[in-house]
>>> print(open('work_13.tsv').read())   # TSV, C-alpha atoms and all ligand atoms
chain	number	residue	atom	x	y	z
A	1	MET	CA	-26.59	-48.79	-20.43
A	2	ILE	CA	-25.77	-45.90	-18.11
A	3	ILE	CA	-27.94	-42.79	-18.05
A	4	ALA	CA	-26.52	-39.64	-16.44
A	5	VAL	CA	-29.03	-37.02	-15.29
A	6	ASP	CA	-27.96	-33.66	-13.88
A	7	GLY	CA	-29.70	-30.45	-12.94
A	8	PRO	CA	-30.44	-27.94	-10.19
A	9	ALA	CA	-32.83	-28.33	-7.25
A	10	GLY	CA	-36.50	-28.52	-8.19
A	11	SER	CA	-35.83	-29.08	-11.89
A	12	GLY	CA	-37.68	-32.42	-11.91
A	13	LYS	CA	-34.58	-34.59	-12.42
A	14	GLY	CA	-35.55	-37.01	-9.63
A	15	THR	CA	-39.06	-37.61	-10.98
A	16	ILE	CA	-37.76	-38.05	-14.52
A	17	SER	CA	-35.01	-40.41	-13.35
A	18	GLU	CA	-37.47	-42.60	-11.42
A	19	TYR	CA	-39.68	-42.77	-14.49
A	20	LEU	CA	-36.80	-43.71	-16.80
A	21	ALA	CA	-35.55	-46.31	-14.30
A	22	MET	CA	-38.94	-48.05	-14.36
A	23	LYS	CA	-39.42	-47.75	-18.10
A	24	PHE	CA	-35.98	-49.02	-19.10
A	25	ASP	CA	-35.33	-51.49	-16.21
A	26	LEU	CA	-32.46	-49.53	-14.71
A	27	LEU	CA	-31.07	-49.48	-11.17
A	28	TYR	CA	-31.51	-45.94	-9.82
A	29	LEU	CA	-29.27	-43.91	-7.52
A	30	ASP	CA	-30.24	-40.42	-6.38
A	31	THR	CA	-26.68	-39.24	-5.65
A	32	GLY	CA	-27.96	-36.19	-3.76
A	33	LEU	CA	-28.97	-38.63	-1.02
A	34	LEU	CA	-25.31	-39.55	-0.58
A	35	TYR	CA	-24.41	-35.94	0.16
A	36	ARG	CA	-27.50	-35.56	2.32
A	37	ALA	CA	-26.65	-38.71	4.32
A	38	LEU	CA	-23.15	-37.37	4.86
A	39	ALA	CA	-24.61	-34.00	5.93
A	40	LYS	CA	-26.98	-35.67	8.38
A	41	THR	CA	-24.09	-37.41	10.16
A	42	VAL	CA	-22.02	-34.20	10.13
A	43	ILE	CA	-24.92	-32.37	11.81
A	44	ARG	CA	-25.57	-35.18	14.32
A	45	GLU	CA	-21.92	-35.39	15.32
A	46	ASN	CA	-21.60	-31.63	15.54
A	47	VAL	CA	-18.76	-31.53	13.04
A	48	ASP	CA	-17.85	-28.23	11.40
A	49	PRO	CA	-18.83	-28.57	7.68
A	50	LYS	CA	-15.56	-26.77	6.84
A	51	ASN	CA	-13.45	-29.37	8.67
A	52	PHE	CA	-12.54	-31.26	5.52
A	53	GLN	CA	-10.61	-33.98	7.33
A	54	ALA	CA	-13.44	-34.83	9.75
A	55	VAL	CA	-16.05	-34.70	6.95
A	56	THR	CA	-13.92	-36.96	4.75
A	57	ASN	CA	-13.49	-39.44	7.61
A	58	ILE	CA	-17.27	-39.64	7.96
A	59	ALA	CA	-17.63	-40.06	4.18
A	60	HIS	CA	-15.55	-43.25	4.43
A	61	THR	CA	-18.09	-44.74	6.86
A	62	LEU	CA	-21.19	-44.17	4.66
A	63	THR	CA	-23.14	-47.28	3.72
A	64	PHE	CA	-25.99	-47.97	1.36
A	65	GLN	CA	-28.27	-48.20	4.37
A	66	ASP	CA	-27.47	-44.57	5.33
A	67	VAL	CA	-28.57	-43.47	1.87
A	68	GLN	CA	-31.92	-45.21	2.33
A	69	ASP	CA	-32.76	-43.16	5.43
A	70	PRO	CA	-36.28	-41.74	4.74
A	71	ASN	CA	-35.50	-38.51	6.66
A	72	LEU	CA	-32.93	-36.95	4.36
A	73	ARG	CA	-35.24	-34.55	2.53
A	74	GLY	CA	-35.50	-30.97	3.70
A	75	GLU	CA	-33.63	-27.79	2.93
A	76	ASP	CA	-31.66	-27.71	6.21
A	77	ILE	CA	-29.87	-30.95	5.42
A	78	ALA	CA	-29.49	-29.87	1.78
A	79	ALA	CA	-27.81	-26.62	2.83
A	80	VAL	CA	-25.13	-28.54	4.77
A	81	ALA	CA	-24.89	-31.10	1.94
A	82	SER	CA	-24.03	-28.29	-0.45
A	83	GLN	CA	-21.39	-26.88	1.95
A	84	ILE	CA	-19.59	-30.20	2.30
A	85	ALA	CA	-19.98	-30.95	-1.41
A	86	VAL	CA	-17.13	-28.48	-2.10
A	87	ILE	CA	-14.60	-30.71	-0.26
A	88	ALA	CA	-12.46	-32.46	-2.88
A	89	GLU	CA	-11.36	-35.35	-0.64
A	90	ALA	CA	-14.92	-36.12	0.47
A	91	ARG	CA	-16.09	-36.01	-3.15
A	92	LYS	CA	-13.46	-38.59	-4.10
A	93	VAL	CA	-14.96	-40.99	-1.56
A	94	MET	CA	-18.45	-40.28	-2.92
A	95	ASP	CA	-17.20	-40.78	-6.49
A	96	GLU	CA	-16.00	-44.28	-5.61
A	97	PHE	CA	-19.34	-45.09	-3.97
A	98	GLN	CA	-21.14	-44.07	-7.18
A	99	ARG	CA	-18.79	-45.98	-9.47
A	100	ASP	CA	-19.18	-49.09	-7.28
A	101	PHE	CA	-22.91	-48.66	-7.66
A	102	CYS	CA	-22.59	-48.65	-11.46
A	103	ARG	CA	-20.42	-51.77	-11.33
A	104	SER	CA	-22.93	-53.56	-9.08
A	105	VAL	CA	-25.66	-53.72	-11.76
A	106	LYS	CA	-26.85	-57.25	-12.47
A	107	LEU	CA	-29.71	-58.77	-14.41
A	108	PRO	CA	-32.69	-58.28	-14.46
A	109	TYR	CA	-31.49	-54.67	-14.55
A	110	LYS	CA	-30.25	-53.53	-17.94
A	111	GLY	CA	-28.09	-50.75	-16.57
A	112	ALA	CA	-28.04	-47.82	-14.15
A	113	ILE	CA	-29.38	-44.31	-13.96
A	114	LEU	CA	-27.81	-41.75	-11.62
A	115	ASP	CA	-28.97	-38.23	-10.96
A	116	GLY	CA	-27.02	-35.39	-9.39
A	117	ARG	CA	-24.85	-32.44	-10.34
A	118	ASP	CA	-21.72	-33.98	-11.88
A	119	ILE	CA	-22.85	-37.34	-13.24
A	120	GLY	CA	-22.38	-36.55	-16.94
A	121	THR	CA	-19.22	-34.51	-16.37
A	122	VAL	CA	-17.28	-36.39	-13.66
A	123	ILE	CA	-18.86	-39.65	-12.49
A	124	CYS	CA	-19.94	-41.19	-15.79
A	125	PRO	CA	-18.40	-39.15	-18.63
A	126	GLU	CA	-18.77	-42.28	-20.79
A	127	ALA	CA	-22.53	-42.60	-20.09
A	128	THR	CA	-24.68	-43.95	-22.92
A	129	CYS	CA	-27.04	-41.05	-22.52
A	130	LYS	CA	-26.80	-37.69	-20.76
A	131	LEU	CA	-29.69	-35.49	-19.77
A	132	PHE	CA	-29.58	-32.04	-18.20
A	133	ILE	CA	-32.87	-31.08	-16.61
A	134	THR	CA	-33.52	-27.46	-15.80
A	135	ALA	CA	-36.32	-24.97	-15.18
A	136	ARG	CA	-36.59	-21.26	-14.48
A	137	PRO	CA	-35.56	-20.38	-10.88
A	138	GLU	CA	-39.01	-19.08	-9.88
A	139	ILE	CA	-40.66	-22.29	-11.10
A	140	ARG	CA	-38.17	-24.49	-9.23
A	141	ASN	CA	-38.72	-22.45	-6.10
A	142	GLN	CA	-42.45	-22.74	-6.38
A	143	ARG	CA	-42.26	-26.51	-6.81
A	144	ARG	CA	-40.04	-26.95	-3.76
A	145	MET	CA	-42.32	-24.73	-1.69
A	146	LEU	CA	-45.38	-26.72	-2.74
A	147	GLU	CA	-43.60	-29.97	-1.83
A	148	THR	CA	-42.69	-28.59	1.59
A	149	GLN	CA	-46.15	-27.16	2.19
A	150	GLY	CA	-47.68	-30.52	1.36
A	151	THR	CA	-45.50	-32.40	3.81
A	152	ASP	CA	-45.01	-29.94	6.67
A	153	GLY	CA	-47.80	-27.36	6.43
A	154	ALA	CA	-44.99	-24.78	6.76
A	155	SER	CA	-45.66	-21.05	7.46
A	156	PRO	CA	-45.13	-18.41	4.72
A	157	GLU	CA	-41.97	-17.23	6.56
A	158	ALA	CA	-40.58	-20.76	6.63
A	159	LEU	CA	-41.39	-21.17	2.93
A	160	SER	CA	-39.58	-17.99	1.92
A	161	GLU	CA	-36.60	-19.11	4.01
A	162	ILE	CA	-36.60	-22.39	2.07
A	163	ALA	CA	-36.64	-20.47	-1.20
A	164	ARG	CA	-33.74	-18.31	-0.03
A	165	LYS	CA	-31.68	-21.35	0.99
A	166	MET	CA	-32.36	-23.04	-2.32
A	167	VAL	CA	-31.10	-20.05	-4.32
A	168	GLU	CA	-27.99	-19.89	-2.12
A	169	ARG	CA	-27.38	-23.61	-2.61
A	170	ASP	CA	-27.81	-23.41	-6.39
A	171	ASN	CA	-25.31	-20.55	-6.55
A	172	ARG	CA	-22.78	-22.47	-4.49
A	173	ASP	CA	-23.28	-25.65	-6.54
A	174	SER	CA	-22.88	-23.81	-9.85
A	175	THR	CA	-19.87	-21.69	-8.92
A	176	ARG	CA	-17.73	-24.15	-6.92
A	177	GLN	CA	-14.37	-25.13	-8.39
A	178	ILE	CA	-14.78	-28.88	-8.05
A	179	ALA	CA	-17.45	-30.67	-10.08
A	180	PRO	CA	-19.77	-27.66	-10.48
A	181	LEU	CA	-23.33	-28.07	-11.63
A	182	THR	CA	-23.06	-27.77	-15.39
A	183	ALA	CA	-24.39	-29.53	-18.47
A	184	ALA	CA	-21.94	-31.85	-20.23
A	185	PRO	CA	-21.36	-30.63	-23.82
A	186	ASP	CA	-23.08	-33.77	-25.13
A	187	ALA	CA	-26.10	-33.62	-22.79
A	188	PHE	CA	-29.66	-33.30	-24.06
A	189	ILE	CA	-31.17	-30.30	-22.24
A	190	ILE	CA	-34.78	-30.36	-21.15
A	191	ASP	CA	-36.33	-27.20	-19.72
A	192	THR	CA	-39.32	-28.40	-17.69
A	193	SER	CA	-40.63	-24.86	-16.90
A	194	GLY	CA	-43.70	-25.12	-19.11
A	195	LEU	CA	-44.11	-28.90	-19.00
A	196	THR	CA	-46.27	-31.16	-16.86
A	197	ILE	CA	-44.51	-34.06	-15.14
A	198	GLU	CA	-45.96	-36.37	-17.76
A	199	GLN	CA	-44.74	-34.24	-20.67
A	200	ALA	CA	-41.24	-33.94	-19.18
A	201	CYS	CA	-40.99	-37.70	-18.59
A	202	THR	CA	-42.25	-38.45	-22.11
A	203	LYS	CA	-39.72	-36.07	-23.66
A	204	ALA	CA	-36.86	-37.69	-21.74
A	205	ALA	CA	-38.05	-41.21	-22.60
A	206	GLU	CA	-38.34	-40.34	-26.30
A	207	TYR	CA	-34.77	-39.12	-26.32
A	208	VAL	CA	-33.50	-42.24	-24.55
A	209	THR	CA	-35.44	-44.50	-26.93
A	210	GLN	CA	-34.14	-42.67	-29.98
A	211	TYR	CA	-30.50	-42.22	-29.05
A	212	CYS	CA	-29.59	-44.61	-26.25
A	213	VAL	CA	-31.42	-47.90	-26.61
A	214	ALA	CA	-29.58	-50.24	-28.94
A	301	LIG	O1	-33.07	-32.74	-4.38
A	301	LIG	P1	-32.24	-31.55	-4.74
A	301	LIG	O2	-32.00	-31.45	-6.20
A	301	LIG	O3	-32.72	-30.30	-4.11
A	301	LIG	O4	-30.80	-31.78	-4.05
A	301	LIG	P2	-29.96	-33.13	-4.03
A	301	LIG	O5	-29.84	-33.71	-5.39
A	301	LIG	O6	-30.51	-34.02	-2.97
A	301	LIG	O7	-28.50	-32.62	-3.60
A	301	LIG	C1	-28.23	-31.96	-2.37
A	301	LIG	C2	-26.88	-31.26	-2.50
A	301	LIG	O8	-25.85	-32.26	-2.64
A	301	LIG	C3	-26.73	-30.39	-3.74
A	301	LIG	O9	-27.19	-29.06	-3.53
A	301	LIG	C4	-25.24	-30.45	-4.04
A	301	LIG	O10	-24.51	-29.50	-3.30
A	301	LIG	C5	-24.84	-31.83	-3.52
A	301	LIG	N1	-24.65	-32.79	-4.63
A	301	LIG	C6	-23.46	-32.77	-5.33
A	301	LIG	O11	-22.60	-31.93	-5.07
A	301	LIG	N2	-23.22	-33.68	-6.30
A	301	LIG	C7	-24.14	-34.60	-6.62
A	301	LIG	N3	-23.87	-35.50	-7.57
A	301	LIG	C8	-25.38	-34.63	-5.95
A	301	LIG	C9	-25.61	-33.68	-4.96
>>> encode(input="work_13.tsv", output="structure tokens")
Amino acid sequence: MIIAVDGPAGSGKGTISEYLAMKFDLLYLDTGLLYRALAKTVIRENVDPKNFQAVTNIAHTLTFQDVQDPNLRGEDIAAVASQIAVIAEARKVMDEFQRDFCRSVKLPYKGAILDGRDIGTVICPEATCKLFITARPEIRNQRRMLETQGTDGASPEALSEIARKMVERDNRDSTRQIAPLTAAPDAFIIDTSGLTIEQACTKAAEYVTQYCVA
């Protein structure tokens, strides 16, 4: 079984995916971490995010270990991730990484769950189950600010800058030509705006149980 989960920043897709992975014994890949790991190396090596050749060369060197780096969160890395995510050649390399991941699933796992922006549309169009997780922009912003406040004790100015960058990133992700953030026509859409984490996870699990588990 393959579950594809897509949605914008702060929608709750990561939390829901982790929950479904545990509940249905699935191997989980947060594909945003791939783009973030690539961005981190681009920043460290002082590469211009618009230099598609240099960025693609770095993409070829990415390993699973890079994706497990605990310091990939944060809106600065995400902003660069979203800039390089428009590069078609780099995306092709990432696509292969994700498809290899799906092929690597072995027992005791019963399948894989991937979350990102283009999982249901590009990476796994044949997925058993597709979910699109969304929430109103102000709610997503608030969630991301609370997360950041909790970890960094950031100032109000820094928080509003984070909110601004998130909006900019969402716009870029939704309007880019290649693999834009969009719900697949056959995706089940969950708006988590008025839901608690528990309610959102339960709703997603009910759908998977009803339509995706044989
Ligand atoms: O955690 P959050 O939802 O804020 O972002 P993320 O999933 O870690 O993704 C960071 C950035 O990587 C996104 O803003 C996208 O530009 C890019 N991305 C993508 O293009 N395709 C994916 N499948 C996953 C992420």
>>> atom_distance(input="work_13.tsv", atom1="atom O6 of ligand LIG 301 (chain A)", atom2="atom CA of Lys13 of chain A")
10.3 Å
>>> closest_atom_pairs(input="work_13.tsv", of="segment 96-121 of chain A", to="segment 3-6 of chain A", cutoff="12 Å", atoms="all atoms listed in the file", output="JSON lines")
{"residue": "A:Gln98", "atom": "CA", "partner": "A:Ala4", "partner_atom": "CA", "distance": 11.6}
{"residue": "A:Cys102", "atom": "CA", "partner": "A:Ile3", "partner_atom": "CA", "distance": 10.3}
{"residue": "A:Lys110", "atom": "CA", "partner": "A:Ile3", "partner_atom": "CA", "distance": 11.0}
{"residue": "A:Gly111", "atom": "CA", "partner": "A:Ile3", "partner_atom": "CA", "distance": 8.1}
{"residue": "A:Ala112", "atom": "CA", "partner": "A:Ile3", "partner_atom": "CA", "distance": 6.4}
{"residue": "A:Ile113", "atom": "CA", "partner": "A:Ile3", "partner_atom": "CA", "distance": 4.6}
{"residue": "A:Leu114", "atom": "CA", "partner": "A:Ala4", "partner_atom": "CA", "distance": 5.4}
{"residue": "A:Asp115", "atom": "CA", "partner": "A:Val5", "partner_atom": "CA", "distance": 4.5}
{"residue": "A:Gly116", "atom": "CA", "partner": "A:Asp6", "partner_atom": "CA", "distance": 4.9}
{"residue": "A:Arg117", "atom": "CA", "partner": "A:Asp6", "partner_atom": "CA", "distance": 4.9}
{"residue": "A:Asp118", "atom": "CA", "partner": "A:Asp6", "partner_atom": "CA", "distance": 6.6}
{"residue": "A:Ile119", "atom": "CA", "partner": "A:Ala4", "partner_atom": "CA", "distance": 5.4}
{"residue": "A:Gly120", "atom": "CA", "partner": "A:Ala4", "partner_atom": "CA", "distance": 5.2}
{"residue": "A:Thr121", "atom": "CA", "partner": "A:Ala4", "partner_atom": "CA", "distance": 8.9}
>>> residues_near_ligand(input="work_13.tsv", ligand="ligand LIG 301 (chain A)", cutoff="7 Å", atoms="all atoms listed in the file", output="count of residues only")
23
>>> residues_around(input="work_13.tsv", residues="Glu45 of chain A", least_positions_apart="6", cutoff="12 Å", atoms="all atoms listed in the file", output="PyMOL selection string")
chain A and resi 38-39+54-55+58
>>> closest_residue(input="work_13.tsv", among="A:Asp186, A:Glu198, A:Asp66, A:Asp95", to="Ala127 of chain A", atoms="only C-alpha atoms")
A:Asp186
>>> atom_distance(input="work_13.tsv", atom1="atom CA of Arg99 of chain A", atom2="atom CA of Thr182 of chain A")
19.6 Å
>>> closest_residue(input="work_13.tsv", among="A:Ser155, A:Thr128, A:Ser160, A:Thr202", to="Ala214 of chain A", atoms="all atoms listed in the file")
A:Thr128
>>> atom_distance(input="work_13.tsv", atom1="atom CA of Lys130 of chain A", atom2="atom CA of Ala187 of chain A")
4.6 Å
>>> closest_residue(input="work_13.tsv", among="A:Tyr207, A:Phe64, A:Phe24, A:Phe97", to="Cys129 of chain A", atoms="only C-alpha atoms")
A:Tyr207
>>> closest_residue(input="work_13.tsv", among="A:Asp191, A:Glu89, A:Glu147, A:Glu161", to="Ala135 of chain A", atoms="all atoms listed in the file")
A:Asp191
>>> closest_residue(input="work_13.tsv", among="A:Phe101, A:Tyr109, A:Phe132, A:Phe188", to="Gly12 of chain A", atoms="all atoms listed in the file")
A:Phe132
>>> closest_residue(input="work_13.tsv", among="A:Asp25, A:Ala183, A:Tyr19, A:Asp100", to="Val213 of chain A", atoms="all atoms listed in the file")
A:Asp25
>>> residues_around(input="work_13.tsv", residues="segment 164-168 of chain A", least_positions_apart="6", cutoff="12 Å", atoms="all atoms listed in the file", output="list in words")
Pro8, Ala9, Gly10, Ser11, Gly74, Glu75, Asp76, Ile77, Ala78, Ala79, Val80, Ala81, Ser82, Gln83, Arg136, Pro137, Glu138, Ile139, Arg140, Asn141, Gln142, Arg143, Arg144, Met145, Glu157, Ala158, Ser174 and Thr175 of chain A
>>> residues_around(input="work_13.tsv", residues="Asn57 of chain A", least_positions_apart="4", cutoff="10 Å", atoms="only C-alpha atoms", output="PDB file with C-alpha atoms, in the coordinates of the input")
ATOM      1  CA  PHE A  52     -12.540 -31.260   5.520  1.00  0.00           C
ATOM      2  CA  GLN A  53     -10.610 -33.980   7.330  1.00  0.00           C
ATOM      3  CA  THR A  61     -18.090 -44.740   6.860  1.00  0.00           C
ATOM      4  CA  LEU A  62     -21.190 -44.170   4.660  1.00  0.00           C
ATOM      5  CA  GLU A  89     -11.360 -35.350  -0.640  1.00  0.00           C
ATOM      6  CA  ALA A  90     -14.920 -36.120   0.470  1.00  0.00           C
ATOM      7  CA  VAL A  93     -14.960 -40.990  -1.560  1.00  0.00           C
TER       8      VAL A  93
END
>>> decode(input="work_13.tsv", residues="segment 49-100 of chain A", atoms="C-alpha atoms", output="compact mmCIF listing (two decimals), in the first residue's frame")
# COMPACT_ATOMS: atom_id res chain seq x y z
CA PRO A 49 20.00 28.73 -5.82
CA LYS A 50 19.34 29.78 -9.44
CA ASN A 51 22.41 27.92 -10.72
CA PHE A 52 20.44 24.88 -11.86
CA GLN A 53 23.50 22.92 -12.95
CA ALA A 54 25.35 23.31 -9.63
CA VAL A 55 22.17 22.58 -7.63
CA THR A 56 21.47 19.47 -9.72
CA ASN A 57 25.04 18.26 -9.21
CA ILE A 58 24.57 18.53 -5.44
CA ALA A 59 21.21 16.72 -5.70
CA HIS A 60 23.06 13.71 -7.15
CA THR A 61 25.20 13.49 -4.00
CA LEU A 62 22.30 13.44 -1.49
CA THR A 63 22.11 10.38 0.75
CA PHE A 64 19.56 9.08 3.21
CA GLN A 65 21.85 10.23 6.00
CA ASP A 66 21.61 13.87 4.79
CA VAL A 67 17.83 13.64 5.05
CA GLN A 68 18.10 12.50 8.67
CA ASP A 69 19.98 15.65 9.71
CA PRO A 70 18.04 17.00 12.75
CA ASN A 71 18.80 20.63 11.81
CA LEU A 72 16.75 20.97 8.64
CA ARG A 73 13.70 22.67 10.16
CA GLY A 74 13.43 26.43 10.03
CA GLU A 75 12.01 28.89 7.54
CA ASP A 76 15.42 30.06 6.21
CA ILE A 77 16.27 26.62 4.87
CA ALA A 78 12.67 26.18 3.67
CA ALA A 79 12.85 29.43 1.69
CA VAL A 80 15.90 28.19 -0.24
CA ALA A 81 14.31 24.72 -0.56
CA SER A 82 11.35 26.31 -2.29
CA GLN A 83 13.61 28.30 -4.65
CA ILE A 84 15.53 25.23 -5.78
CA ALA A 85 12.35 23.15 -5.94
CA VAL A 86 11.50 24.91 -9.24
CA ILE A 87 14.54 23.34 -10.99
CA ALA A 88 13.29 20.55 -13.25
CA GLU A 89 16.60 18.66 -13.44
CA ALA A 90 17.06 18.69 -9.66
CA ARG A 91 13.48 17.49 -9.19
CA LYS A 92 14.15 14.53 -11.49
CA VAL A 93 16.96 13.43 -9.18
CA MET A 94 14.67 13.86 -6.15
CA ASP A 95 11.91 11.92 -7.92
CA GLU A 96 14.23 8.93 -8.35
CA PHE A 97 15.23 9.11 -4.68
CA GLN A 98 11.56 8.97 -3.68
CA ARG A 99 10.71 6.13 -6.06
CA ASP A 100 13.71 4.15 -4.77
